[in-house]
$ cat target_35.txt   # compact mmCIF, C-alpha atoms
# COMPACT_ATOMS: atom_id res chain seq x y z
CA LEU A 20 44.68 -25.70 -38.15
CA HIS A 21 48.46 -25.38 -38.00
CA GLU A 22 48.70 -27.52 -34.87
CA GLU A 23 46.35 -30.15 -36.29
CA TRP A 24 48.41 -30.31 -39.49
CA GLN A 25 51.55 -30.95 -37.50
CA LYS A 26 49.81 -33.80 -35.67
CA LEU A 27 48.65 -35.34 -38.95
CA GLU A 28 52.15 -35.10 -40.41
CA ALA A 29 53.54 -36.88 -37.36
CA LEU A 30 51.01 -39.71 -37.69
CA ASP A 31 51.31 -40.13 -41.48
CA ASN A 32 53.88 -42.84 -42.26
CA GLY A 33 52.91 -43.21 -45.91
CA VAL A 34 50.76 -46.28 -45.29
CA HIS A 35 47.01 -46.03 -45.91
CA ASP A 36 45.00 -45.86 -42.69
CA ASP A 37 41.22 -45.42 -42.70
CA ASN A 38 41.24 -43.64 -39.33
CA LEU A 39 43.94 -41.25 -40.51
CA THR A 40 41.95 -40.66 -43.71
CA LYS A 41 38.93 -39.66 -41.63
CA ARG A 42 41.08 -37.21 -39.70
CA TYR A 43 42.32 -35.76 -42.99
CA ASP A 44 38.71 -35.44 -44.17
CA THR A 45 37.81 -33.59 -40.97
CA TYR A 46 40.82 -31.35 -41.40
CA ILE A 47 39.80 -30.54 -44.98
CA LYS A 48 36.28 -29.77 -43.75
CA HIS A 49 37.73 -27.26 -41.27
CA ILE A 50 39.74 -25.63 -44.07
CA PHE A 51 36.57 -25.25 -46.13
CA GLU A 52 34.84 -23.69 -43.14
CA LEU A 53 37.71 -21.20 -42.84
CA ILE A 54 37.54 -20.41 -46.57
CA SER A 55 33.78 -19.84 -46.30
CA TYR A 56 34.26 -17.61 -43.27
CA VAL A 57 36.91 -15.52 -45.03
CA GLY A 58 34.77 -15.16 -48.14
CA ASN A 59 31.62 -14.22 -46.22
CA SER A 60 33.25 -11.84 -43.75
CA SER A 61 35.11 -10.01 -46.53
CA ASN A 62 31.85 -9.38 -48.45
CA LEU A 63 33.62 -10.42 -51.66
CA ILE A 64 30.69 -12.69 -52.43
CA LEU A 65 28.69 -9.48 -53.02
CA ASP A 66 31.40 -7.86 -55.14
CA PRO A 67 29.78 -5.93 -58.04
CA ASP A 68 33.05 -5.78 -60.04
CA LEU A 69 33.17 -8.74 -62.41
CA ASP A 70 36.97 -9.04 -62.59
CA SER A 71 37.56 -9.41 -58.85
CA TYR A 72 34.29 -11.31 -58.31
CA TYR A 73 35.11 -14.11 -60.75
CA THR A 74 38.71 -14.27 -59.53
CA MET A 75 37.34 -14.59 -56.00
CA ASN A 76 34.99 -17.34 -57.19
CA VAL A 77 37.92 -19.29 -58.61
CA THR A 78 40.14 -18.91 -55.53
CA LEU A 79 37.52 -19.31 -52.77
CA VAL A 80 35.00 -21.70 -54.32
CA THR A 81 35.85 -23.60 -57.50
CA ILE A 82 39.48 -24.59 -56.97
CA PRO A 83 38.97 -25.52 -53.28
CA ASN A 84 36.07 -27.75 -54.38
CA LEU A 85 38.35 -29.25 -57.00
CA PHE A 86 40.97 -29.99 -54.33
CA ASN A 87 38.26 -31.86 -52.44
CA ARG A 88 37.44 -33.94 -55.52
CA LEU A 89 41.11 -34.80 -56.03
CA SER A 90 41.26 -35.87 -52.40
CA ASN A 91 38.20 -38.08 -52.91
CA ILE A 92 39.81 -39.70 -55.94
CA ILE A 93 42.94 -40.48 -53.94
CA ASN A 94 40.82 -41.98 -51.16
CA ILE A 95 38.90 -44.09 -53.70
CA GLU A 96 42.04 -45.51 -55.26
CA HIS A 97 43.69 -46.25 -51.92
CA SER A 98 40.69 -47.62 -50.12
CA SER A 99 41.57 -50.76 -48.18
CA SER A 100 38.37 -52.50 -49.25
CA ASP A 101 37.98 -54.22 -52.63
CA GLU A 102 34.70 -55.94 -51.82
CA ASP A 103 32.39 -53.53 -53.69
CA MET A 104 34.30 -52.58 -56.81
CA GLY A 105 31.09 -51.53 -58.49
CA GLU A 106 30.53 -48.66 -56.06
CA ILE A 107 34.18 -47.61 -56.40
CA ARG A 108 33.87 -47.46 -60.19
CA ILE A 109 30.68 -45.42 -59.97
CA GLU A 110 32.24 -42.98 -57.49
CA ALA A 111 35.42 -42.65 -59.57
CA LEU A 112 33.48 -41.96 -62.77
CA THR A 113 31.29 -39.45 -60.90
CA GLN A 114 34.34 -37.59 -59.62
CA ALA A 115 35.83 -37.60 -63.12
CA ARG A 116 32.67 -36.05 -64.55
CA LEU A 117 32.63 -33.40 -61.81
CA LEU A 118 36.29 -32.61 -62.50
CA GLY A 119 35.39 -32.00 -66.13
CA GLU A 120 32.65 -29.59 -65.03
CA ASP A 121 35.14 -27.82 -62.74
CA ILE A 122 37.43 -27.23 -65.73
CA GLY A 123 34.56 -25.59 -67.58
CA HIS A 124 33.59 -23.39 -64.61
CA ILE A 125 37.15 -22.21 -64.00
CA ASN A 126 37.74 -21.60 -67.71
CA LYS A 127 34.56 -19.51 -68.04
CA SER A 128 35.33 -17.51 -64.90
CA ILE A 129 38.87 -16.65 -65.96
CA HIS A 130 37.81 -15.75 -69.51
CA THR A 131 35.13 -13.47 -68.05
CA VAL A 132 37.85 -11.75 -66.02
CA LEU A 133 40.01 -11.33 -69.13
CA ILE A 134 37.09 -9.76 -71.00
CA GLU A 135 35.79 -7.51 -68.20
CA ASP A 136 39.08 -6.49 -66.60
CA ALA A 137 39.51 -3.23 -68.52
CA ASN A 138 36.05 -2.05 -67.43
CA PHE A 139 36.97 -1.83 -63.75
CA TYR A 140 39.72 0.39 -62.29
CA GLY A 141 42.09 -0.05 -65.23
CA GLU A 142 43.60 -3.09 -66.91
CA ASN A 143 45.63 -5.61 -64.92
CA THR A 144 48.28 -6.50 -67.50
CA ASP A 145 49.95 -8.98 -65.16
CA PHE A 146 46.77 -11.07 -65.05
CA LYS A 147 46.75 -11.45 -68.85
CA THR A 148 50.40 -12.46 -68.77
CA VAL A 149 50.55 -15.08 -66.01
CA ILE A 150 47.05 -16.58 -65.89
CA PRO A 151 46.65 -18.06 -69.43
CA PRO A 152 49.79 -20.30 -69.25
CA ALA A 153 48.85 -21.50 -65.76
CA LEU A 154 45.28 -22.14 -66.91
CA LYS A 155 46.51 -24.13 -69.91
CA ASP A 156 48.77 -26.32 -67.72
CA PHE A 157 45.89 -26.80 -65.29
CA GLU A 158 43.44 -27.85 -68.01
CA THR A 159 45.97 -30.25 -69.50
CA ALA A 160 46.76 -31.94 -66.18
CA ILE A 161 43.13 -32.22 -65.06
CA GLN A 162 41.98 -33.46 -68.47
CA LYS A 163 44.63 -36.19 -68.44
CA LEU A 164 43.37 -37.33 -65.04
CA VAL A 165 39.74 -37.24 -66.21
CA THR A 166 40.63 -39.25 -69.31
CA GLN A 167 42.58 -41.77 -67.24
CA LEU A 168 39.73 -42.26 -64.78
CA SER A 169 36.98 -42.35 -67.41
CA THR A 170 38.83 -44.80 -69.64
CA ALA A 171 40.15 -47.07 -66.91
CA TYR A 172 37.05 -47.37 -64.73
CA SER A 173 34.76 -47.74 -67.72
CA THR A 174 36.58 -50.88 -68.85
CA SER A 175 38.51 -52.27 -65.88
CA LYS A 176 37.08 -54.39 -63.09
CA TYR A 177 40.01 -53.60 -60.84
CA ARG A 178 41.30 -50.60 -58.96
CA VAL A 179 43.31 -48.14 -61.10
CA ASP A 180 46.53 -46.45 -59.98
CA SER A 181 46.42 -42.79 -61.07
CA ASP A 182 48.93 -41.41 -58.59
CA ASN A 183 51.09 -39.71 -61.22
CA TYR A 184 48.08 -38.08 -62.84
CA ASN A 185 46.82 -37.01 -59.41
CA LYS A 186 50.15 -35.45 -58.52
CA ASP A 187 50.29 -33.50 -61.78
CA ALA A 188 46.68 -32.37 -61.33
CA ILE A 189 47.28 -31.26 -57.75
CA SER A 190 50.50 -29.44 -58.67
CA ALA A 191 48.85 -27.59 -61.58
CA SER A 192 45.80 -26.74 -59.45
CA VAL A 193 47.91 -25.36 -56.62
CA HIS A 194 49.95 -23.31 -59.09
CA LEU A 195 46.81 -21.83 -60.66
CA TRP A 196 45.32 -21.14 -57.23
CA GLU A 197 48.45 -19.33 -56.03
CA ILE A 198 48.56 -17.13 -59.14
CA ALA A 199 44.82 -16.40 -58.99
CA SER A 200 45.08 -15.49 -55.29
CA THR A 201 47.93 -13.09 -56.04
CA GLU A 202 45.98 -11.53 -58.89
CA LEU A 203 42.89 -11.18 -56.69
CA ASN A 204 45.00 -9.25 -54.22
CA ASP A 205 46.24 -7.07 -57.11
CA PHE A 206 42.66 -6.39 -58.23
CA LEU A 207 41.69 -5.33 -54.72
CA SER A 208 44.84 -3.18 -54.41
CA MET A 209 43.97 -1.44 -57.68
CA ARG A 210 40.48 -0.76 -56.35
CA ILE A 211 41.84 0.62 -53.07
CA ASP A 212 44.26 2.86 -54.97
CA SER A 213 41.37 4.04 -57.17
CA PHE A 214 39.28 4.87 -54.09
CA LYS A 215 42.18 6.75 -52.52
CA ASN A 216 42.72 8.70 -55.73
CA TYR A 217 39.00 9.47 -55.85
CA GLN A 218 39.12 10.67 -52.24
CA ARG A 219 42.05 12.94 -53.07
CA GLN A 220 40.19 14.37 -56.05
CA VAL A 221 37.07 14.93 -53.95
CA LEU A 222 39.19 16.67 -51.29
CA ILE A 223 40.89 18.89 -53.88
CA TRP A 224 37.66 19.87 -55.62
CA THR A 225 35.93 20.41 -52.28
CA SER A 226 38.74 22.72 -51.19
CA ILE A 227 38.53 24.61 -54.48
CA SER A 228 34.75 24.90 -54.13
CA VAL A 229 35.04 26.19 -50.55
CA LEU A 230 37.69 28.72 -51.61
CA PHE A 231 35.55 29.86 -54.56
CA ALA A 232 32.50 30.12 -52.29
CA PHE A 233 34.51 32.22 -49.80
CA ILE A 234 35.72 34.56 -52.58
CA LEU A 235 32.18 34.85 -53.96
CA PHE A 236 30.82 35.52 -50.49
CA TRP A 237 33.49 38.17 -49.89
CA PHE A 238 32.73 39.81 -53.25
CA LEU A 239 28.96 39.80 -52.75
CA THR A 240 29.23 41.02 -49.18
CA GLY A 241 31.61 43.76 -50.25
CA SER A 242 29.36 44.82 -53.12
CA ILE A 243 26.62 45.46 -50.57
CA THR A 244 28.50 46.82 -47.58
CA ARG A 245 30.95 49.11 -49.39
CA PRO A 246 28.25 51.29 -51.02
CA ILE A 247 26.41 51.56 -47.70
CA ILE A 248 29.60 52.61 -45.92
CA ASN A 249 30.40 55.15 -48.65
CA LEU A 250 26.86 56.56 -48.52
CA GLN A 251 27.19 56.85 -44.77
CA LYS A 252 30.35 58.92 -45.26
CA VAL A 253 28.59 61.13 -47.83
CA MET A 254 25.66 61.72 -45.44
CA THR A 255 28.13 62.70 -42.72
CA ILE A 256 29.77 65.20 -45.06
CA ILE A 257 26.39 66.61 -46.10
CA ALA A 258 25.31 66.92 -42.48
CA ASP A 259 28.52 68.79 -41.58
CA ASP A 260 28.11 71.02 -44.66
CA THR A 261 31.85 71.36 -44.78
CA GLN A 262 32.38 70.70 -48.45
CA LYS A 263 30.59 69.93 -51.64
CA VAL A 264 30.18 66.27 -52.38
CA THR A 265 28.75 64.14 -55.17
CA VAL A 266 26.48 61.27 -54.14
CA PRO A 267 27.61 58.05 -55.84
CA TYR A 268 25.62 54.97 -56.93
CA GLN A 269 22.60 56.92 -58.16
CA GLN A 270 22.69 55.03 -61.44
CA TYR A 271 22.18 51.67 -59.66
CA HIS A 272 18.78 50.07 -60.22
CA ASP A 273 18.62 48.28 -56.91
CA GLU A 274 18.21 49.10 -53.22
CA ILE A 275 21.65 50.76 -53.16
CA GLY A 276 20.55 53.08 -55.99
CA MET A 277 17.32 53.91 -54.12
CA MET A 278 19.34 54.79 -51.03
CA ALA A 279 21.79 56.89 -53.11
CA ARG A 280 18.96 58.88 -54.74
CA ALA A 281 17.38 59.45 -51.34
CA VAL A 282 20.71 60.82 -50.08
CA GLU A 283 20.89 63.04 -53.16
CA TRP A 284 17.49 64.51 -52.26
CA PHE A 285 18.72 65.00 -48.75
CA ARG A 286 21.75 66.86 -50.14
CA ILE A 287 19.56 69.10 -52.31
CA LEU A 288 17.29 69.92 -49.38
CA GLN A 289 20.32 70.58 -47.22
CA ASN A 290 21.60 73.08 -49.83
CA ILE A 291 18.19 74.80 -50.03
CA VAL A 292 18.05 75.12 -46.25
CA SER A 293 21.61 76.48 -46.19
CA LYS A 294 20.78 79.15 -48.76
$ encode --input "target_35.txt" --output "structure tokens"
Amino acid sequence: LHEEWQKLEALDNGVHDDNLTKRYDTYIKHIFELISYVGNSSNLILDPDLDSYYTMNVTLVTIPNLFNRLSNIINIEHSSSDEDMGEIRIEALTQARLLGEDIGHINKSIHTVLIEDANFYGENTDFKTVIPPALKDFETAIQKLVTQLSTAYSTSKYRVDSDNYNKDAISASVHLWEIASTELNDFLSMRIDSFKNYQRQVLIWTSISVLFAFILFWFLTGSITRPIINLQKVMTIIADDTQKVTVPYQQYHDEIGMMARAVEWFRILQNIVSK
């Protein structure tokens, strides 16, 4: 694309050329293919978060389509043929109507983002600061162009020169697109940061859970093994009959208590045999 653009710049001398226009149209088609590829391969088209989804829709779909309409309007007004003015008027009025619809789509998408932003990964305050002024300038410039085309081609039988309106519309559209693209990147960065923070929290709580499980395991294991070891020592003392000993854990109401009471009987029997 970069090499092709350089070739087109070298060939463009400012004079309308139908062949050069076709090459520009092909170049624009390739740009749209690239935009579609980026959007599809990034999976943003399936984005469940409304703030980033609608910002993506503006940057990857609606505004690029609007650029294409502006290009068509320029081609209409600089066409070398004046033979079928009726078709030119129809096409110009059609493009004007579609531009008006684009304004509505972009306005709804951005207002949806402004409403839903706080519901996803925190509020993007920068979006609320920079987008509304750019959107207002965009709507004003596009609406002026739409009014110019609708009024002129509805009444005039001749080609209309809307270059100044086109330039303002293109400039405002590019400005809005650049800001929206930056904000889309910010939305995605906020999501990535949220995921990383979530991962850290999961790691911390997992570590705490593992540590707690280890302590609980150590405590439970000790509560079973220590009495058994102590009873083993008592049985050794009883067997040696070297000193008097008290059998612990007899008050337990579990298996350890049963073992302790059995050892106590063994101790009593041992004393009877000794006497």
$ residues_near_point --input "target_35.txt" --point "(47.2, -37.1, -36.4)" --cutoff "10 Å" --atoms "only C-alpha atoms" --output "MDAnalysis selection string"
chainID A and resid 22:31 38:40 42:43 46
$ write_last_selection --input "target_35.txt" --atoms "C-alpha atoms" --output "PDB file, keeping the file's coordinate frame"
ATOM      1  CA  GLU A  22      48.700 -27.520 -34.870  1.00  0.00           C
ATOM      2  CA  GLU A  23      46.350 -30.150 -36.290  1.00  0.00           C
ATOM      3  CA  TRP A  24      48.410 -30.310 -39.490  1.00  0.00           C
ATOM      4  CA  GLN A  25      51.550 -30.950 -37.500  1.00  0.00           C
ATOM      5  CA  LYS A  26      49.810 -33.800 -35.670  1.00  0.00           C
ATOM      6  CA  LEU A  27      48.650 -35.340 -38.950  1.00  0.00           C
ATOM      7  CA  GLU A  28      52.150 -35.100 -40.410  1.00  0.00           C
ATOM      8  CA  ALA A  29      53.540 -36.880 -37.360  1.00  0.00           C
ATOM      9  CA  LEU A  30      51.010 -39.710 -37.690  1.00  0.00           C
ATOM     10  CA  ASP A  31      51.310 -40.130 -41.480  1.00  0.00           C
ATOM     11  CA  ASN A  38      41.240 -43.640 -39.330  1.00  0.00           C
ATOM     12  CA  LEU A  39      43.940 -41.250 -40.510  1.00  0.00           C
ATOM     13  CA  THR A  40      41.950 -40.660 -43.710  1.00  0.00           C
ATOM     14  CA  ARG A  42      41.080 -37.210 -39.700  1.00  0.00           C
ATOM     15  CA  TYR A  43      42.320 -35.760 -42.990  1.00  0.00           C
ATOM     16  CA  TYR A  46      40.820 -31.350 -41.400  1.00  0.00           C
TER      17      TYR A  46
END
$ closest_atom_pairs --input "target_35.txt" --of "range 53-97 of chain A" --to "range 165-174 of chain A" --cutoff "12 Å" --atoms "all atoms listed in the file" --output "Markdown table"
| residue | atom | partner | partner_atom | distance |
| --- | --- | --- | --- | --- |
| A:Arg88 | CA | A:Val165 | CA | 11.4 |
| A:Leu89 | CA | A:Val165 | CA | 10.6 |
| A:Ile92 | CA | A:Leu168 | CA | 9.2 |
| A:Ile93 | CA | A:Leu168 | CA | 11.4 |
| A:Ile95 | CA | A:Leu168 | CA | 11.3 |
| A:Glu96 | CA | A:Leu168 | CA | 10.3 |
$ closest_residue --input "target_35.txt" --among "A:Ile291, A:Leu53, A:Ile47, A:Leu154" --to "Lys127 in chain A" --atoms "all atoms listed in the file"
A:Leu154
$ atom_distance --input "target_35.txt" --atom1 "CA of Asn249 in chain A" --atom2 "CA of Phe231 in chain A"
26.5 Å
$ atom_distance --input "target_35.txt" --atom1 "CA of Phe157 in chain A" --atom2 "CA of Ala191 in chain A"
4.8 Å
$ atom_distance --input "target_35.txt" --atom1 "CA of Tyr217 in chain A" --atom2 "CA of Leu203 in chain A"
21.0 Å
$ decode --input "target_35.txt" --residues "range 46-147 of chain A" --atoms "C-alpha atoms" --output "short mmCIF file (atom, residue, chain, number, x, y, z; two decimals), in the first residue's frame"
data_model
loop_
_atom_site.label_atom_id
_atom_site.label_comp_id
_atom_site.auth_asym_id
_atom_site.auth_seq_id
_atom_site.Cartn_x
_atom_site.Cartn_y
_atom_site.Cartn_z
CA TYR A 46 -6.25 1.68 -3.93
CA ILE A 47 -9.18 2.62 -1.67
CA LYS A 48 -10.63 -0.87 -2.19
CA HIS A 49 -7.34 -2.38 -0.99
CA ILE A 50 -7.42 -0.15 2.10
CA PHE A 51 -10.93 -1.36 2.89
CA GLU A 52 -9.75 -4.94 2.51
CA LEU A 53 -6.94 -4.23 4.98
CA ILE A 54 -9.37 -2.62 7.43
CA SER A 55 -11.68 -5.64 7.17
CA TYR A 56 -8.77 -8.01 7.70
CA VAL A 57 -7.59 -6.12 10.79
CA GLY A 58 -11.09 -6.02 12.24
CA ASN A 59 -11.78 -9.71 11.60
CA SER A 60 -8.40 -11.03 12.72
CA SER A 61 -8.52 -9.00 15.95
CA ASN A 62 -11.94 -10.48 16.87
CA LEU A 63 -13.11 -6.98 17.83
CA ILE A 64 -16.23 -7.57 15.76
CA LEU A 65 -17.25 -10.06 18.48
CA ASP A 66 -16.38 -7.72 21.34
CA PRO A 67 -18.99 -8.08 24.13
CA ASP A 68 -18.02 -4.76 25.77
CA LEU A 69 -20.25 -2.02 24.39
CA ASP A 70 -17.78 0.86 24.85
CA SER A 71 -14.95 -0.66 22.82
CA TYR A 72 -17.33 -2.38 20.38
CA TYR A 73 -19.08 0.81 19.29
CA THR A 74 -15.78 2.71 19.16
CA MET A 75 -14.44 -0.08 16.96
CA ASN A 76 -17.55 0.19 14.78
CA VAL A 77 -16.93 3.90 14.27
CA THR A 78 -13.21 3.54 13.48
CA LEU A 79 -13.28 0.35 11.37
CA VAL A 80 -16.67 0.54 9.64
CA THR A 81 -18.68 3.77 9.69
CA ILE A 82 -16.02 6.45 9.18
CA PRO A 83 -14.12 4.44 6.51
CA ASN A 84 -17.43 4.04 4.64
CA LEU A 85 -17.96 7.77 5.01
CA PHE A 86 -14.52 8.42 3.51
CA ASN A 87 -15.59 6.32 0.54
CA ARG A 88 -18.74 8.41 0.10
CA LEU A 89 -16.73 11.64 0.22
CA SER A 90 -14.44 10.19 -2.43
CA ASN A 91 -17.46 9.34 -4.59
CA ILE A 92 -18.76 12.89 -4.25
CA ILE A 93 -15.41 14.29 -5.37
CA ASN A 94 -15.40 11.94 -8.35
CA ILE A 95 -18.96 12.97 -9.26
CA GLU A 96 -18.16 16.67 -9.20
CA HIS A 97 -14.93 16.27 -11.17
CA SER A 98 -16.15 13.80 -13.72
CA SER A 99 -15.00 14.73 -17.22
CA SER A 100 -18.38 13.89 -18.73
CA ASP A 101 -21.34 16.29 -18.63
CA GLU A 102 -23.50 14.32 -21.05
CA ASP A 103 -25.80 12.69 -18.46
CA MET A 104 -26.33 15.33 -15.82
CA GLY A 105 -29.45 13.57 -14.64
CA GLU A 106 -27.51 10.53 -13.43
CA ILE A 107 -24.93 12.79 -11.77
CA ARG A 108 -27.66 14.63 -9.86
CA ILE A 109 -29.25 11.37 -8.74
CA GLU A 110 -25.89 9.97 -7.58
CA ALA A 111 -24.99 13.20 -5.76
CA LEU A 112 -28.34 13.33 -3.94
CA THR A 113 -28.00 9.63 -3.05
CA GLN A 114 -24.55 10.20 -1.57
CA ALA A 115 -25.87 13.21 0.36
CA ARG A 116 -28.66 11.12 1.86
CA LEU A 117 -26.21 8.36 2.81
CA LEU A 118 -23.92 10.93 4.43
CA GLY A 119 -26.84 12.07 6.55
CA GLU A 120 -27.43 8.47 7.64
CA ASP A 121 -23.72 8.12 8.47
CA ILE A 122 -23.98 11.12 10.80
CA GLY A 123 -26.83 9.43 12.63
CA HIS A 124 -24.98 6.10 12.93
CA ILE A 125 -21.80 7.70 14.24
CA ASN A 126 -23.73 9.92 16.66
CA LYS A 127 -25.67 6.96 18.08
CA SER A 128 -22.54 4.82 18.41
CA ILE A 129 -20.57 7.50 20.25
CA HIS A 130 -23.47 8.35 22.56
CA THR A 131 -23.81 4.64 23.37
CA VAL A 132 -20.13 4.61 24.32
CA LEU A 133 -20.61 7.67 26.54
CA ILE A 134 -23.53 5.99 28.31
CA GLU A 135 -22.01 2.50 28.68
CA ASP A 136 -18.38 3.43 29.33
CA ALA A 137 -18.59 3.35 33.13
CA ASN A 138 -19.98 -0.20 33.05
CA PHE A 139 -16.81 -1.73 31.60
CA TYR A 140 -13.37 -1.64 33.27
CA GLY A 141 -13.80 1.86 34.71
CA GLU A 142 -14.61 5.21 33.15
CA ASN A 143 -12.46 6.65 30.36
CA THR A 144 -12.56 10.34 31.28
CA ASP A 145 -10.42 11.30 28.29
CA PHE A 146 -13.08 9.97 25.92
CA LYS A 147 -15.74 12.25 27.42
#
